[in-house]
Each structure stands twice: as C-alpha cells, then as structure tokens.
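What follows is one structure encoded as structure tokens, with my remarks underneath.
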Amino acid sequence: MILNLSGPIITPKTGDPDSILVLLHGYGSDGHDLISLAPLFADLLPAPVIFAPNAPERCAMNPGGYQWFDLAMVPDFNRIEGIVPMAETIHELLDGLWRETGLGPSRTVLSGFSQGAILTLYAGLGLDEPLAGLISFSGGLPLDETSWPEIAVAPPILLVHGDTDPVVPVEMSVKTAERLNARGLDATLHISPECPHAIAPDGITMAREFVAAHFPPPTPQG
C-alpha cells in the first residue's frame with residue numbers, strides 16, 4: 001500500500017529499480033485490470049517498479065470496483081468537477097514512489113485508461129517537472145479548455161482512442177492533441193479503427209513504440 005492506495009505492484013526481483021510505470025484504471029475497475037499491461041513493457045523497462053493503484057473511492061455504480069471521481073461530475077465531458085483533489089493524490093503518490101526508489105520524473109511514465117486516462121493527463125501536466133511520458137488510452141482533457149490544469153511542463157504525450165468508442169467520445173483525444181500541439185507540446189494521436197471502449201493491439205504497439213522512443217536509458221553507475 002502506497003499513500004493509503006492499495007493495488008498490485010511489481011518490483012525488480014534483484015537490484016535497484018531503474019524506472020517507474022504507474023497505471024491508472026478506469027471507472028468501476030481496479031488495479032488488477034491494468035497491471036495486466038505490465039508484461040507488454042517488460043522488455044523496454046529492464047528493472048521497473050510498476051504500480052496499478054486502486055482509486056481511493058468505491059465505485060458508486062459498481063461497489064466491487066473503484067472510481068477516481070463520480071460520473072455525475074462529468075455530465076458532458078466539457079468540465080470535470082472534483083478532479084483537482086485526485087490530481088493532487090497522484091502527485092503525492094509519485095512523490096512517495098520517488099522517495100522510495102531514489103528515482104524521479106525523468107524515469108517515470110504515467111498512463112491510464114478512460115477515467116484513469118483523463119486523470120493521467122490532468123495530473124501529469126500539472127507537475128513542476130516533466131515526466132518521461134504520458135499515455136492516455138480512451139481519455140483526454142475536458143472539451144472546455146478553460147477547465148484544463150495550468151500547464152507548466154511539456155512531457156511527450158500519446159493519446160490512443162478507438163474510433164467507435166461509445167463511452168468516452170473520441171473527440172476528447174482529438175481535441176486534446178490538437179490543442180496541446182497548438183501550445184507547443186509534443187502530443188501524438190493514434191486512432192484505432194473499428195475499436196470501441198478498449199485498447200486495441202495497434203494501440204499497444206503505439207504505446208510500446210512511444211515508451212521506446214521517449215524513455216531515456218538509465219544513467220550508468222560508477
């Protein structure tokens with residue numbers, strides 16, 4: 001348990017960790033859902049700490065799962081009420097992981113699916129130092145740009161979204177990428193064809209290529 005957040009965690013079997021990957025689940029799910037992505041990055045991150053925390057709140061519609069914020073706070077995806085405290089929770093989580101591992105933002109990738117993707121972008125762009133990368137699966141920032149966080153960093157960003165998503169409109173990823181690029185950030189958009197609210201194989205391929213391209217190799221010791 002880290003920062004009173006439970007959830008599955010994978011640590012190196014031997015030696016010190018060289019990287020951190022945090023995976024934020026979607027509405028009504030839990031960390032066990034996204035920790036299944038860990039093996040897909042194992043060959044890219046030689047000695048990672050991979051943590052998929054459960055959100056701190058039980059899900060209002062699925063008591064067996066968790067929520068980062070209530071869906072009632074997201075009536076139309078234009079604004080998201082209540083996300084600021086959750087972004088601060090992620091900031092505290094990252095600070096705790098950095099203290100425990102001796103690593104820092106440049107060795108950290110933050111990723112999430114759906115509600116977790118929205119939080120990934122909101123929290124990741126609100127940090128004081130840029131992370132190695134942000135990966136958003138089926139998410140995006142609010143459509144009303146005036147409700148975005150204050151952006152003081154420019155990490156590389158990948159947004160992956162299915163073109164037939166009936167839950168979170170693909171417009172969120174499209175608009176987010178366009179607006180971030182207009183601000184001078186490096187945001188890559190990938191639309192998975194004939195994909196609903198899920199992560200398609202081509203989306204995983206894009207995520208792997210993104211991590212390989214943007215995650216710096218560890219600094220040699222000695």
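Ligands are numbered from 1 in the order shown, chains are lettered A, B, ... in the order of the structure tokens, and residues start at 1 in each chain.
Excluding A:Ala117 itself and any same-chain residue fewer than 3 positions from it, the protein and nucleic acid residues within 6 Å of it, counting only C-alpha atoms, are Gly112, Phe113, Ser114, Thr120, Ser136, Phe137 and Gly139 of chain A.
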Enumerate, in order of chain and increasing residue number, the residues of stretch 4-27 of chain A with an atom no farther than 12 Å from stretch 80-99 of chain A, each with its shortest atom pair and distance in Å to one decimal, counting only C-alpha atoms, as a tab-separated table.
residue	atom	partner	partner_atom	distance
A:Asn4	CA	A:Leu93	CA	9.3
A:Leu5	CA	A:Leu93	CA	8.4
A:Ser6	CA	A:Leu93	CA	11.3
A:Ile9	CA	A:Leu97	CA	11.4
A:Thr11	CA	A:Leu97	CA	11.7
A:Pro17	CA	A:Trp98	CA	10.8
A:Asp18	CA	A:Trp98	CA	11.2
A:Ser19	CA	A:Trp98	CA	10.0
A:Ile20	CA	A:Leu97	CA	8.1
A:Leu21	CA	A:Leu94	CA	10.1
A:Val22	CA	A:Leu94	CA	8.5
A:Leu23	CA	A:Ile90	CA	10.9
A:Leu24	CA	A:Ile90	CA	9.5
From the list A:Leu180, A:Leu127, A:Ala60, A:Ile191, which residue is nearest A:Ile204 when using only C-alpha atoms? A:Ile191
Fewer than 5 positions away in the same chain doesn't count, so skip those; otherwise give me all residues within 12 Å of stretch 100-106 of chain A, counting only C-alpha atoms, as a PDB file with N, CA and C atoms, in the first residue's frame.
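Wrote it out as around28.pdb, contents follow:
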ATOM      1  N   ILE A   2       0.611   2.175  -0.896  1.00  0.00           N
ATOM      2  CA  ILE A   2       1.375   3.409  -1.008  1.00  0.00           C
ATOM      3  C   ILE A   2       0.401   4.580  -0.906  1.00  0.00           C
ATOM      4  N   LEU A   3       0.689   5.483   0.040  1.00  0.00           N
ATOM      5  CA  LEU A   3      -0.174   6.643   0.248  1.00  0.00           C
ATOM      6  C   LEU A   3      -1.627   6.202   0.489  1.00  0.00           C
ATOM      7  N   THR A  11       7.884  -5.227  -8.578  1.00  0.00           N
ATOM      8  CA  THR A  11       9.195  -4.637  -8.333  1.00  0.00           C
ATOM      9  C   THR A  11      10.278  -5.560  -8.885  1.00  0.00           C
ATOM     10  N   PRO A  12      11.467  -5.033  -9.137  1.00  0.00           N
ATOM     11  CA  PRO A  12      12.544  -5.883  -9.667  1.00  0.00           C
ATOM     12  C   PRO A  12      12.879  -7.034  -8.704  1.00  0.00           C
ATOM     13  N   GLY A  15      18.337  -6.254  -7.468  1.00  0.00           N
ATOM     14  CA  GLY A  15      18.893  -4.947  -7.791  1.00  0.00           C
ATOM     15  C   GLY A  15      17.916  -3.804  -7.586  1.00  0.00           C
ATOM     16  N   ASP A  16      18.391  -2.625  -7.892  1.00  0.00           N
ATOM     17  CA  ASP A  16      17.594  -1.410  -7.734  1.00  0.00           C
ATOM     18  C   ASP A  16      16.729  -1.164  -8.973  1.00  0.00           C
ATOM     19  N   PRO A  17      15.571  -0.548  -8.792  1.00  0.00           N
ATOM     20  CA  PRO A  17      14.732  -0.209  -9.947  1.00  0.00           C
ATOM     21  C   PRO A  17      15.369   0.884 -10.796  1.00  0.00           C
ATOM     22  N   ASP A  18      15.102   0.839 -12.103  1.00  0.00           N
ATOM     23  CA  ASP A  18      15.629   1.870 -12.999  1.00  0.00           C
ATOM     24  C   ASP A  18      14.526   2.716 -13.621  1.00  0.00           C
ATOM     25  N   SER A  19      13.267   2.407 -13.318  1.00  0.00           N
ATOM     26  CA  SER A  19      12.161   3.121 -13.948  1.00  0.00           C
ATOM     27  C   SER A  19      10.884   2.876 -13.151  1.00  0.00           C
ATOM     28  N   ILE A  20       9.906   3.746 -13.392  1.00  0.00           N
ATOM     29  CA  ILE A  20       8.602   3.635 -12.736  1.00  0.00           C
ATOM     30  C   ILE A  20       7.519   3.757 -13.797  1.00  0.00           C
ATOM     31  N   LEU A  21       6.552   2.865 -13.744  1.00  0.00           N
ATOM     32  CA  LEU A  21       5.370   2.930 -14.606  1.00  0.00           C
ATOM     33  C   LEU A  21       4.144   2.856 -13.704  1.00  0.00           C
ATOM     34  N   VAL A  22       3.322   3.907 -13.736  1.00  0.00           N
ATOM     35  CA  VAL A  22       2.090   3.954 -12.949  1.00  0.00           C
ATOM     36  C   VAL A  22       0.914   3.848 -13.911  1.00  0.00           C
ATOM     37  N   ALA A  47      14.252  -2.936 -15.310  1.00  0.00           N
ATOM     38  CA  ALA A  47      14.074  -3.134 -13.866  1.00  0.00           C
ATOM     39  C   ALA A  47      13.048  -2.138 -13.334  1.00  0.00           C
ATOM     40  N   PRO A  48      11.791  -2.272 -13.744  1.00  0.00           N
ATOM     41  CA  PRO A  48      10.805  -1.259 -13.378  1.00  0.00           C
ATOM     42  C   PRO A  48      10.087  -1.551 -12.062  1.00  0.00           C
ATOM     43  N   VAL A  49       9.589  -0.487 -11.462  1.00  0.00           N
ATOM     44  CA  VAL A  49       8.518  -0.586 -10.471  1.00  0.00           C
ATOM     45  C   VAL A  49       7.237  -0.248 -11.218  1.00  0.00           C
ATOM     46  N   ILE A  50       6.307  -1.178 -11.241  1.00  0.00           N
ATOM     47  CA  ILE A  50       5.034  -0.964 -11.944  1.00  0.00           C
ATOM     48  C   ILE A  50       3.915  -1.044 -10.913  1.00  0.00           C
ATOM     49  N   HIS A  91      -0.077  13.266  -7.506  1.00  0.00           N
ATOM     50  CA  HIS A  91       1.187  13.961  -7.254  1.00  0.00           C
ATOM     51  C   HIS A  91       1.847  13.423  -5.990  1.00  0.00           C
ATOM     52  N   LEU A  93       1.321  10.492  -4.656  1.00  0.00           N
ATOM     53  CA  LEU A  93       1.723   9.109  -4.949  1.00  0.00           C
ATOM     54  C   LEU A  93       3.072   9.079  -5.644  1.00  0.00           C
ATOM     55  N   LEU A  94       3.241   9.917  -6.649  1.00  0.00           N
ATOM     56  CA  LEU A  94       4.507   9.959  -7.381  1.00  0.00           C
ATOM     57  C   LEU A  94       5.651  10.401  -6.463  1.00  0.00           C
ATOM     58  N   ASP A  95       5.397  11.401  -5.639  1.00  0.00           N
ATOM     59  CA  ASP A  95       6.429  11.853  -4.703  1.00  0.00           C
ATOM     60  C   ASP A  95       6.869  10.707  -3.797  1.00  0.00           C
ATOM     61  N   GLY A 124      -0.511  14.714 -14.799  1.00  0.00           N
ATOM     62  CA  GLY A 124       0.816  14.749 -15.394  1.00  0.00           C
ATOM     63  C   GLY A 124       1.214  16.110 -15.914  1.00  0.00           C
ATOM     64  N   LEU A 125       0.244  16.853 -16.430  1.00  0.00           N
ATOM     65  CA  LEU A 125       0.536  18.187 -16.961  1.00  0.00           C
ATOM     66  C   LEU A 125       0.585  19.248 -15.867  1.00  0.00           C
ATOM     67  N   LEU A 127       2.317  18.886 -13.014  1.00  0.00           N
ATOM     68  CA  LEU A 127       3.520  18.713 -12.213  1.00  0.00           C
ATOM     69  C   LEU A 127       4.500  19.871 -12.427  1.00  0.00           C
ATOM     70  N   ASP A 128       5.479  19.978 -11.527  1.00  0.00           N
ATOM     71  CA  ASP A 128       6.508  21.003 -11.660  1.00  0.00           C
ATOM     72  C   ASP A 128       7.626  20.581 -12.602  1.00  0.00           C
ATOM     73  N   GLU A 129       7.826  19.268 -12.773  1.00  0.00           N
ATOM     74  CA  GLU A 129       8.845  18.742 -13.668  1.00  0.00           C
ATOM     75  C   GLU A 129       8.197  17.748 -14.621  1.00  0.00           C
ATOM     76  N   PRO A 130       8.656  17.691 -15.874  1.00  0.00           N
ATOM     77  CA  PRO A 130       8.025  16.786 -16.838  1.00  0.00           C
ATOM     78  C   PRO A 130       8.389  15.328 -16.583  1.00  0.00           C
ATOM     79  N   LEU A 131       7.425  14.458 -16.757  1.00  0.00           N
ATOM     80  CA  LEU A 131       7.670  13.024 -16.703  1.00  0.00           C
ATOM     81  C   LEU A 131       8.294  12.568 -18.010  1.00  0.00           C
ATOM     82  N   ALA A 132       8.771  11.322 -18.029  1.00  0.00           N
ATOM     83  CA  ALA A 132       9.318  10.769 -19.264  1.00  0.00           C
ATOM     84  C   ALA A 132       8.241  10.654 -20.331  1.00  0.00           C
ATOM     85  N   GLY A 133       6.991  10.484 -19.901  1.00  0.00           N
ATOM     86  CA  GLY A 133       5.906  10.411 -20.871  1.00  0.00           C
ATOM     87  C   GLY A 133       4.560  10.219 -20.205  1.00  0.00           C
ATOM     88  N   LEU A 134       3.504  10.601 -20.916  1.00  0.00           N
ATOM     89  CA  LEU A 134       2.121  10.380 -20.501  1.00  0.00           C
ATOM     90  C   LEU A 134       1.429   9.597 -21.600  1.00  0.00           C
ATOM     91  N   VAL A 153       4.669  22.232 -17.728  1.00  0.00           N
ATOM     92  CA  VAL A 153       5.669  21.280 -18.215  1.00  0.00           C
ATOM     93  C   VAL A 153       5.247  20.780 -19.590  1.00  0.00           C
ATOM     94  N   ALA A 154       6.175  20.171 -20.296  1.00  0.00           N
ATOM     95  CA  ALA A 154       5.876  19.710 -21.652  1.00  0.00           C
ATOM     96  C   ALA A 154       6.428  18.299 -21.883  1.00  0.00           C
ATOM     97  N   PRO A 155       5.862  17.307 -21.203  1.00  0.00           N
ATOM     98  CA  PRO A 155       6.305  15.937 -21.452  1.00  0.00           C
ATOM     99  C   PRO A 155       5.767  15.435 -22.781  1.00  0.00           C
ATOM    100  N   PRO A 156       6.401  14.446 -23.397  1.00  0.00           N
ATOM    101  CA  PRO A 156       5.797  13.825 -24.577  1.00  0.00           C
ATOM    102  C   PRO A 156       4.520  13.092 -24.186  1.00  0.00           C
ATOM    103  N   HIS A 214      10.822   7.544 -26.110  1.00  0.00           N
ATOM    104  CA  HIS A 214      10.904   8.681 -25.199  1.00  0.00           C
ATOM    105  C   HIS A 214      11.483   8.357 -23.835  1.00  0.00           C
ATOM    106  N   PHE A 215      11.593   7.087 -23.502  1.00  0.00           N
ATOM    107  CA  PHE A 215      12.125   6.775 -22.181  1.00  0.00           C
ATOM    108  C   PHE A 215      13.640   6.710 -22.269  1.00  0.00           C
ATOM    109  N   PRO A 216      14.342   7.604 -21.566  1.00  0.00           N
ATOM    110  CA  PRO A 216      15.796   7.617 -21.672  1.00  0.00           C
ATOM    111  C   PRO A 216      16.422   6.400 -21.013  1.00  0.00           C
ATOM    112  N   PRO A 217      17.560   5.922 -21.531  1.00  0.00           N
ATOM    113  CA  PRO A 217      18.244   4.812 -20.886  1.00  0.00           C
ATOM    114  C   PRO A 217      18.756   5.239 -19.528  1.00  0.00           C
ATOM    115  N   PRO A 218      18.872   4.302 -18.576  1.00  0.00           N
ATOM    116  CA  PRO A 218      19.353   4.667 -17.243  1.00  0.00           C
ATOM    117  C   PRO A 218      20.777   5.190 -17.278  1.00  0.00           C
ATOM    118  N   THR A 219      21.102   6.082 -16.368  1.00  0.00           N
ATOM    119  CA  THR A 219      22.453   6.638 -16.287  1.00  0.00           C
ATOM    120  C   THR A 219      23.415   5.586 -15.763  1.00  0.00           C
TER     121      THR A 219
END
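With only C-alpha atoms as the atoms that count, the minimum distance from A:Leu185 to the choices A:Ile157, A:Ala38, A:Ile135, A:Ala55 is reached by A:Ile157.
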Could you please write out, as a PyMOL selection string, every residue of chain A that DSSP assigns to alpha helix (DSSP H)? chain A and resi 31-34+83-101+115-124+170-182+201-214
Take the residues that were just selected and, keeping C-alpha atoms, output them as a CSV table (one decimal), in the first residue's frame.
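Listing of again.csv after writing:
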chain,number,residue,atom,x,y,z
A,31,GLY,CA,-5.6,-2.0,-10.4
A,32,HIS,CA,-5.6,-5.7,-11.3
A,33,ASP,CA,-7.2,-4.7,-14.7
A,34,LEU,CA,-4.3,-2.6,-15.8
A,83,ILE,CA,-10.6,16.1,-10.4
A,84,VAL,CA,-8.2,18.5,-8.7
A,85,PRO,CA,-8.1,16.6,-5.4
A,86,MET,CA,-7.5,13.4,-7.3
A,87,ALA,CA,-4.7,15.0,-9.3
A,88,GLU,CA,-3.1,16.1,-6.0
A,89,THR,CA,-3.4,12.5,-4.8
A,90,ILE,CA,-1.5,11.3,-7.9
A,91,HIS,CA,1.2,14.0,-7.3
A,92,GLU,CA,1.6,12.7,-3.7
A,93,LEU,CA,1.7,9.1,-4.9
A,94,LEU,CA,4.5,10.0,-7.4
A,95,ASP,CA,6.4,11.9,-4.7
A,96,GLY,CA,6.2,8.8,-2.5
A,97,LEU,CA,7.5,6.5,-5.2
A,98,TRP,CA,10.4,8.8,-6.0
A,99,ARG,CA,11.4,8.9,-2.3
A,100,GLU,CA,11.2,5.1,-2.0
A,101,THR,CA,13.1,4.4,-5.2
A,115,GLN,CA,-11.2,7.8,-16.3
A,116,GLY,CA,-7.7,7.0,-15.5
A,117,ALA,CA,-6.5,8.5,-18.8
A,118,ILE,CA,-8.3,11.8,-18.0
A,119,LEU,CA,-6.6,11.8,-14.6
A,120,THR,CA,-3.2,10.9,-16.2
A,121,LEU,CA,-3.3,14.0,-18.4
A,122,TYR,CA,-4.6,16.3,-15.7
A,123,ALA,CA,-2.2,15.2,-13.1
A,124,GLY,CA,0.8,14.7,-15.4
A,170,VAL,CA,-13.0,10.1,-29.5
A,171,GLU,CA,-13.4,13.9,-29.9
A,172,MET,CA,-11.8,14.2,-26.4
A,173,SER,CA,-8.5,12.7,-27.7
A,174,VAL,CA,-8.6,14.6,-31.0
A,175,LYS,CA,-9.3,18.0,-29.4
A,176,THR,CA,-6.7,17.4,-26.7
A,177,ALA,CA,-4.0,16.5,-29.2
A,178,GLU,CA,-4.8,19.5,-31.4
A,179,ARG,CA,-4.8,22.0,-28.5
A,180,LEU,CA,-1.7,20.6,-26.9
A,181,ASN,CA,0.2,20.7,-30.2
A,182,ALA,CA,-1.0,24.3,-30.7
A,201,PRO,CA,-3.5,-4.3,-30.4
A,202,ASP,CA,-2.4,-1.4,-32.6
A,203,GLY,CA,-2.8,0.9,-29.6
A,204,ILE,CA,-0.5,-1.3,-27.6
A,205,THR,CA,2.1,-1.2,-30.4
A,206,MET,CA,1.9,2.6,-30.4
A,207,ALA,CA,2.4,2.7,-26.7
A,208,ARG,CA,5.4,0.4,-26.9
A,209,GLU,CA,7.0,2.5,-29.6
A,210,PHE,CA,6.3,5.6,-27.6
A,211,VAL,CA,8.0,4.3,-24.5
A,212,ALA,CA,11.0,3.0,-26.5
A,213,ALA,CA,11.3,6.4,-28.2
A,214,HIS,CA,10.9,8.7,-25.2
From the set A:Val168, A:Gly126, A:Asp163, A:Pro193, which residue has the shortest atom-to-atom contact distance to A:Glu150, counting only C-alpha atoms? A:Gly126
Which of stretch 125-158 of chain A DSSP labels strand (DSSP E or B), written as a PDB file with N, CA, C and O atoms, in the first residue's frame:
ATOM      1  N   GLY A 133       6.991  10.484 -19.901  1.00  0.00           N
ATOM      2  CA  GLY A 133       5.906  10.411 -20.871  1.00  0.00           C
ATOM      3  C   GLY A 133       4.560  10.219 -20.205  1.00  0.00           C
ATOM      4  O   GLY A 133       4.464   9.743 -19.063  1.00  0.00           O
ATOM      5  N   LEU A 134       3.504  10.601 -20.916  1.00  0.00           N
ATOM      6  CA  LEU A 134       2.121  10.380 -20.501  1.00  0.00           C
ATOM      7  C   LEU A 134       1.429   9.597 -21.600  1.00  0.00           C
ATOM      8  O   LEU A 134       1.537   9.946 -22.783  1.00  0.00           O
ATOM      9  N   ILE A 135       0.710   8.529 -21.221  1.00  0.00           N
ATOM     10  CA  ILE A 135      -0.017   7.725 -22.197  1.00  0.00           C
ATOM     11  C   ILE A 135      -1.479   7.683 -21.795  1.00  0.00           C
ATOM     12  O   ILE A 135      -1.825   7.217 -20.707  1.00  0.00           O
ATOM     13  N   SER A 136      -2.339   8.158 -22.672  1.00  0.00           N
ATOM     14  CA  SER A 136      -3.783   8.206 -22.435  1.00  0.00           C
ATOM     15  C   SER A 136      -4.488   7.223 -23.365  1.00  0.00           C
ATOM     16  O   SER A 136      -4.430   7.374 -24.583  1.00  0.00           O
ATOM     17  N   PHE A 137      -5.135   6.227 -22.783  1.00  0.00           N
ATOM     18  CA  PHE A 137      -5.951   5.287 -23.541  1.00  0.00           C
ATOM     19  C   PHE A 137      -7.424   5.627 -23.328  1.00  0.00           C
ATOM     20  O   PHE A 137      -7.936   5.560 -22.214  1.00  0.00           O
ATOM     21  N   ILE A 157       3.541  13.141 -25.076  1.00  0.00           N
ATOM     22  CA  ILE A 157       2.211  12.597 -24.759  1.00  0.00           C
ATOM     23  C   ILE A 157       1.732  11.741 -25.918  1.00  0.00           C
ATOM     24  O   ILE A 157       1.885  12.104 -27.092  1.00  0.00           O
ATOM     25  N   LEU A 158       1.134  10.604 -25.580  1.00  0.00           N
ATOM     26  CA  LEU A 158       0.487   9.747 -26.570  1.00  0.00           C
ATOM     27  C   LEU A 158      -0.973   9.581 -26.182  1.00  0.00           C
ATOM     28  O   LEU A 158      -1.284   9.225 -25.047  1.00  0.00           O
TER      29      LEU A 158
END
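Interatomic distance, atom CA of A:His197 to atom CA of A:Leu71: 16.0 Å.
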Which residues are near A:Asp30? Cut-off 9 Å, only C-alpha atoms, ignore same chain within fewer than 5 positions. Put them as a VMD selection string. chain A and resid 7 24 to 25 52 to 55 64 to 67
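Put simply, atom CA of A:Cys195 is 11.7 Å away from atom CA of A:Val167.
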